[in-house]
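Worksheet: one structure, shown below.
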Amino acid sequence: MASKKFYVTTAIDYTNNLPHIGHSYQKILADVLKRWHKSLGYDSLFLTGTDEHGLKIQRSAQAAGKEPQDFVDDLAKGFENNWKKLNIDYDIFLRTTSEQHKKVVKEFTKKIKKDIYKGTYEGLYCVPCETFYTEKDLTNGKICPIHKREAELVKEESYFFKLSKYQDKLLKLYKDNPEYISPENRREEIINRVKEGLKDLSISRASVGWGIPFPLDEKHVTYVWFEALQCYISGLNWPGKEFKKYWPADVQLLGKDNAWFHTVIWPALLFAAGIKPAKKIFIHGFLTINGQKISKSLGNTIEPRVLVEKYGADAVRYALLREINPREDGDFSEKIMVERLNSDLADNLGNLLSRGLTLIEKFSGGKVPKGKPDANLKKEFEKVLKESAKDVEQVEVHHALEKIFSFASLANKYVNDCKPWELAKNQDKRLNGVLFNIAECLRVISALTWPFIPESAEKVAKQLGIETPKLAKIKYGQIKSGTKTVKGEILFKKVEKFDPIIVPVVKKEIISAVDLRVAEIKSAEPVVDSDKLLKLQIDVGELGGRQIVAGIKKFYSPQDLIGKKIVLVANLKPVKLRGELSQGMLLAAVADGQDEVISPVGQPGERIFAEGLAFKPQKEVDIKEFEKLGLKVENSRLSSNGIVLKTSDGEIKTKFTVVGIVR
């Protein structure tokens with residue numbers, strides 16, 4: 001068994017912001033696979049890391065007022081810190097700015113240069129995705145399906161990889177290896193797209209400054225998706241001994257937004273280099289929080305470490321793993337996590353440990369007595385071990401945990417049914433056998449749970465007076481009599497008063513709540529036959545492009561507005577004004593008799609909240625609430641053209657550019 005290897009990888013994360021709970025799920029999932037196989041005796045390796053090049057990173061660094069390298073250095077530390085807090089036992093943390101990665105990219109590009117040629121690329125490009133799209137892949141021919149923003153038209157000289165050359169070989173790969181793309185519902189979608197035909201891939205950029213110089217022409221920068229994919233072998237120092245030992249990867253875990261790159265482009269690149277593809281690409285669904293997409297603009301991008309510091313790493317790990325079906329999109333909430341902590345972890349496993357060790361201490365002097373394995377418990381353990389192993393192999397860890405904790409429930413039932421306290425009172429000889437089996441249940445549960453909740457599993461073993469057992473040769477009934485138990489602290493403290501960190505962003509039943517967003521004006525023109533109205537095309541980030549009509553023609557010429565940021569009331573019902581569709585209203589203030597558009601800081605799509613006011617979208621805010629901000633409203637009007645406020649002193653103060661109003 002020791003000669004077998006297991007290599008698992010995750011996506012490497014963009015360093016344009018700190019990690020959130022959505023990033024965590026994939027890393028925890030990979031950690032479970034690595035630990036499970038390690039416990040079985042495999043030589044296991046786990047790679048994760050950070051993707052640190054590209055236009056998105058460059059722009060994010062500029063917005064933060066930092067050099068790109070300093071910017072990614074700080075964020076990479078944030079990722080590593082969060083993963084350590086979650087007890088994620090990765091072996092390789094690969095940064096694409098590392099010299100090791102750059103060296104491999106250089107050699108790999110030269111290796112496949114027979115399949116690279118120079119040309120000109122013209123297409124629609126989404127910066128957050130770092131991806132070129134065809135019009136048919138975009139909503140209404142222009143909106144990115146992932147980030148809900150308008151793609152940019154780009155035309156430039158580029159080097160291309162002959163992706164189209166490998167269409168037939170890819171289809172053969174999928175046919176000969178049905179589990180290569182898993183789960184099956186992801187597989188068919190990819191195969192159908194490949195059958196439609198493949199276009200050659202642009203793999204360099206002449207207009208981007210932040211990246212690895214393209215090895216065949218240093219006037220170009222290597223396209224981020226081309227070089228980032230190579231991290232899985234650069235982390236193994238391709239083509240050296242470590243690469244030869246661990247490649248091909250056994251499982252590569254990705255989110256569904258990364259599926260095309262990893263199931264089509266990545267294996268084609270490997271074919272070009274004469275390298276075998278991975279054994280399995282497992283594509284999990286998206287994670288939402290309280291039913292909402294995880295988004296900075298919604299304010300629910302909480303760092304995992306914050307939850308860990310409040311509840312502990314294992315509570316976070318367990319809730320994510322138990323609640324989410326990796327094959328589908330899933331929702332996570334702090335409330336559910338607390339419920340799982342209280343019921344599954346505290347009342348089930350924690351209770352079994354506490355009462356079990358108390359009984360052994362009271363009736364056997366704190367030592368495991370001699371006894372024989374209970375036939376029913378032994379049979380159930382063997383069944384759980386076999387079935388949970390199959391679940392882990394299929395990356396259905398939620399089912400594995402369900403079975404393991406059902407066994408813990410069975411052990412608790414065994415205690416209740418056998419009533420060792422009564423056996424002791426009656427001096428029944430069966431007592432030692434019952435105590436032996438309670439200890440043995442705890443032993444095998446510590447082995448089964450270690451890949452999922454390692455810290456708690458190790459505490460169970462320590463209090464039982466043993467090393468955490470491995471799954472490699474585990475059998476029911478192996479605990480040694482005379483083992484000294486050491487009852488310690490409570491394994492899981494129940495949460496009696498739930499005070500959530502993650503507050504639901506929007507209550508679905510309330511539709512009148514204001515949704516204020518940063519938007520950027522992309523174009524402006526007068527509305528025909530109107531002396532007041534301007535028609536504005538705006539970018540609202542993840543909400544996409546919109547058109548609004550605003551009554552500000554008296555105060556602004558169209559050219560003065562282009563590039564200007566505004567506060568948009570985004571969740572109003574669209575209306576038509578002079579025959580033009582208006583999908584929202586802008587926020588303005590009156591100063592010295594003139595309407596002035598309020599220009600907030602922030603990126604398009606980012607949500608705006610009031611300073612000094614405990615404003616939540618589900619709370620309706622009356623005009624009177626402005627007095628709590630120190631703003632005396634002398635006059636206000638609400639119209640379909642905009643929301644206009646006038647202060648008593650006629651001045652617009654910076655802190656009043658963030659406000660909350662409902663229609």
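As shown in the structure tokens, the chain order sets the letters A, B, ...; within each chain, residues go from 1, and ligands are also counted from 1 in the order they appear.
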Item to check | Near-Glu402 in chain A list (9 Å; only C-alpha atoms; drop same-chain fewer than 5 positions) as an MDAnalysis selection string | outcome: chainID A and resid 322 388 397 407
Next on the checklist: What parts of range 151-398 of chain A does DSSP call strand (DSSP E or B)? I'd like the answer as a ChimeraX atom specification.
Outcome noted: /A:152-161,181-182,201-202,204-205,213,221-222,251-255,281-284,287-289,292-293,330-332,367
Using C-alpha atoms, can you write the selected residues to a file as a PDB file, in the first residue's frame?
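Below is the file that was written, selection.pdb:
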ATOM      1  CA  GLU A 152     -14.629  44.632 -23.779  1.00  0.00           C
ATOM      2  CA  LEU A 153     -13.775  44.522 -27.483  1.00  0.00           C
ATOM      3  CA  VAL A 154     -10.061  43.792 -27.874  1.00  0.00           C
ATOM      4  CA  LYS A 155      -7.942  43.646 -31.044  1.00  0.00           C
ATOM      5  CA  GLU A 156      -4.225  42.965 -30.851  1.00  0.00           C
ATOM      6  CA  GLU A 157      -1.306  40.894 -32.076  1.00  0.00           C
ATOM      7  CA  SER A 158      -1.132  37.532 -30.322  1.00  0.00           C
ATOM      8  CA  TYR A 159       0.447  34.100 -30.348  1.00  0.00           C
ATOM      9  CA  PHE A 160      -1.971  31.191 -30.712  1.00  0.00           C
ATOM     10  CA  PHE A 161      -1.994  27.567 -29.569  1.00  0.00           C
ATOM     11  CA  ILE A 181     -14.984  14.722 -16.381  1.00  0.00           C
ATOM     12  CA  SER A 182     -17.009  14.216 -13.215  1.00  0.00           C
ATOM     13  CA  LEU A 201      -6.380  29.734 -28.279  1.00  0.00           C
ATOM     14  CA  SER A 202      -4.741  33.145 -27.913  1.00  0.00           C
ATOM     15  CA  SER A 204      -0.130  35.946 -25.258  1.00  0.00           C
ATOM     16  CA  ARG A 205      -1.010  39.589 -24.676  1.00  0.00           C
ATOM     17  CA  PRO A 213       7.248  37.474 -20.459  1.00  0.00           C
ATOM     18  CA  VAL A 221       3.174  38.695 -21.859  1.00  0.00           C
ATOM     19  CA  THR A 222       1.994  35.103 -21.398  1.00  0.00           C
ATOM     20  CA  VAL A 251      -8.194  14.228  -8.749  1.00  0.00           C
ATOM     21  CA  GLN A 252      -8.213  17.872  -9.808  1.00  0.00           C
ATOM     22  CA  LEU A 253     -10.968  19.820  -8.031  1.00  0.00           C
ATOM     23  CA  LEU A 254     -12.452  22.843  -9.809  1.00  0.00           C
ATOM     24  CA  GLY A 255     -15.500  25.075  -9.673  1.00  0.00           C
ATOM     25  CA  ILE A 281     -11.376  16.428 -13.171  1.00  0.00           C
ATOM     26  CA  PHE A 282     -14.119  16.858 -10.570  1.00  0.00           C
ATOM     27  CA  ILE A 283     -16.262  19.955 -11.069  1.00  0.00           C
ATOM     28  CA  HIS A 284     -18.267  21.057  -8.045  1.00  0.00           C
ATOM     29  CA  LEU A 287     -21.686  28.017  -3.091  1.00  0.00           C
ATOM     30  CA  THR A 288     -24.138  30.666  -1.905  1.00  0.00           C
ATOM     31  CA  ILE A 289     -24.497  32.281   1.522  1.00  0.00           C
ATOM     32  CA  GLN A 292     -27.239  34.903  -1.954  1.00  0.00           C
ATOM     33  CA  LYS A 293     -24.335  34.802  -4.395  1.00  0.00           C
ATOM     34  CA  GLY A 330     -25.203  24.490  -2.464  1.00  0.00           C
ATOM     35  CA  ASP A 331     -26.145  27.028   0.172  1.00  0.00           C
ATOM     36  CA  PHE A 332     -24.321  27.666   3.423  1.00  0.00           C
ATOM     37  CA  LYS A 367      -8.733   1.963  32.127  1.00  0.00           C
TER      38      LYS A 367
END
Item to check | One-decimal distance in Å that lies between CA of Trp450 in chain A and CA of Lys335 in chain A | outcome: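 So the answer is 24.4 Å.
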Checklist entry - Among range 36-202 of chain A, which ones does DSSP place in alpha helix (DSSP H), written as a ChimeraX atom specification? => result /A:36-39,55-64,68-85,99-111,167-176,184-195
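CA of Ser39 in chain A sits 6.1 Å away from CA of Ala472 in chain A.
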Next on the checklist: Excluding range 50-54 of chain A and its own-chain neighbours fewer than 4 positions away, which residues fall within 7 Å of it when counting only C-alpha atoms? Please give them as number ranges by chain.
Outcome noted: A: 12-15, 58, 72, 76, 94-97, 210-211, 224, 228
Item to check | From A:Pro19, A:Pro326, A:Gly291, A:Gly356, residue lying nearest Val486 in chain A [only C-alpha atoms] | outcome: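 Of A:Pro19, A:Pro326, A:Gly291, A:Gly356, the one nearest Val486 in chain A is A:Gly356, counting only C-alpha atoms.
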Checklist entry - Which polymer residues have any atom within 12 Å of an atom of Ala424 in chain A, counting only C-alpha atoms, with same-chain residues fewer than 6 positions away left out, as a PyMOL selection string? => result chain A and resi 359-360+362-364+418+430-435
Checklist entry - Within 10 Å of Tyr318 in chain A, counting only C-alpha atoms, which residues qualify if same-chain residues fewer than 2 places away don't, as an MDAnalysis selection string? => result chainID A and resid 28 313:316 320:323 337 340:341 344:345 398 401 449 452:453
Checklist entry - Quick one: of A:Asp217, A:Asp176, A:Asp168, A:Lys27, who's nearest to Lys118 in chain A, counting only C-alpha atoms? => result A:Asp217
Range 31-143 of chain A residues near range 455-460 of chain A within 12 Å, closest pair each, using only C-alpha atoms, as a Markdown table:
| residue | atom | partner | partner_atom | distance |
| --- | --- | --- | --- | --- |
| A:Lys85 | CA | A:Glu455 | CA | 11.3 |
| A:Leu86 | CA | A:Glu455 | CA | 10.0 |
| A:Asn87 | CA | A:Glu455 | CA | 7.9 |
| A:Ile88 | CA | A:Glu455 | CA | 10.8 |
| A:Asp89 | CA | A:Glu455 | CA | 11.7 |
Can I get the selected residues back with N, CA and C atoms, as a PDB file, in the first residue's frame?
ATOM      1  N   LYS A  85      -5.698  28.359   9.385  1.00  0.00           N
ATOM      2  CA  LYS A  85      -6.755  28.442  10.398  1.00  0.00           C
ATOM      3  C   LYS A  85      -7.758  27.304  10.242  1.00  0.00           C
ATOM      4  N   LEU A  86      -8.006  26.897   9.000  1.00  0.00           N
ATOM      5  CA  LEU A  86      -8.959  25.819   8.726  1.00  0.00           C
ATOM      6  C   LEU A  86      -8.314  24.440   8.820  1.00  0.00           C
ATOM      7  N   ASN A  87      -7.044  24.405   9.229  1.00  0.00           N
ATOM      8  CA  ASN A  87      -6.327  23.131   9.404  1.00  0.00           C
ATOM      9  C   ASN A  87      -6.223  22.366   8.090  1.00  0.00           C
ATOM     10  N   ILE A  88      -5.992  23.110   7.005  1.00  0.00           N
ATOM     11  CA  ILE A  88      -5.851  22.499   5.685  1.00  0.00           C
ATOM     12  C   ILE A  88      -4.389  22.115   5.481  1.00  0.00           C
ATOM     13  N   ASP A  89      -4.156  20.845   5.303  1.00  0.00           N
ATOM     14  CA  ASP A  89      -2.809  20.275   5.292  1.00  0.00           C
ATOM     15  C   ASP A  89      -2.272  20.149   3.866  1.00  0.00           C
TER      16      ASP A  89
END
Item to check | Contacts of Gln167 in chain A at 12 Å (only C-alpha atoms; same-chain gap of 4+ positions) as a ChimeraX atom specification | outcome: /A:162-163,171-174,190-200,263-265,267-269,271
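Taking CA of Asp531 in chain A as the reference point, CA of Asp515 in chain A is found at 28.8 Å.
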Item to check | Who sits within 6 Å of range 603-608 of chain A, only C-alpha atoms, same chain under 6 positions skipped, as a VMD selection string | outcome: chain A and resid 297 516 to 519 540 to 542
Write the residues of the preceding selection, restricted to C-alpha atoms, as a short mmCIF file (atom, residue, chain, number, x, y, z; two decimals), in the first residue's frame.
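Output file part.cif is given in full below:
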data_model
loop_
_atom_site.label_atom_id
_atom_site.label_comp_id
_atom_site.auth_asym_id
_atom_site.auth_seq_id
_atom_site.Cartn_x
_atom_site.Cartn_y
_atom_site.Cartn_z
CA SER A 297 -20.91 44.23 -3.22
CA LEU A 516 -27.92 51.31 -3.99
CA ARG A 517 -25.01 50.48 -6.29
CA VAL A 518 -21.95 52.14 -7.72
CA ALA A 519 -22.32 52.48 -11.50
CA VAL A 540 -23.23 48.09 -12.86
CA GLY A 541 -20.54 45.42 -12.48
CA GLU A 542 -22.07 42.03 -11.68
#
Item to check | Pick from A:Gly274, A:Gly22, A:Gly579, A:Pro68, whichever lies nearest to Gly209 in chain A using only C-alpha atoms | outcome: A:Pro68
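Checking A:Leu448, A:Lys114, A:Gln62, A:Cys231 one by one against Arg35 in chain A, counting only C-alpha atoms, you find the shortest gap at A:Leu448.
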Checklist entry - Pick the closest to His37 in chain A from A:Ala278, A:Val415, A:Ile548, A:Val8: which is it, counting only C-alpha atoms? => result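 Result for the nearest residue to His37 in chain A: A:Val8.
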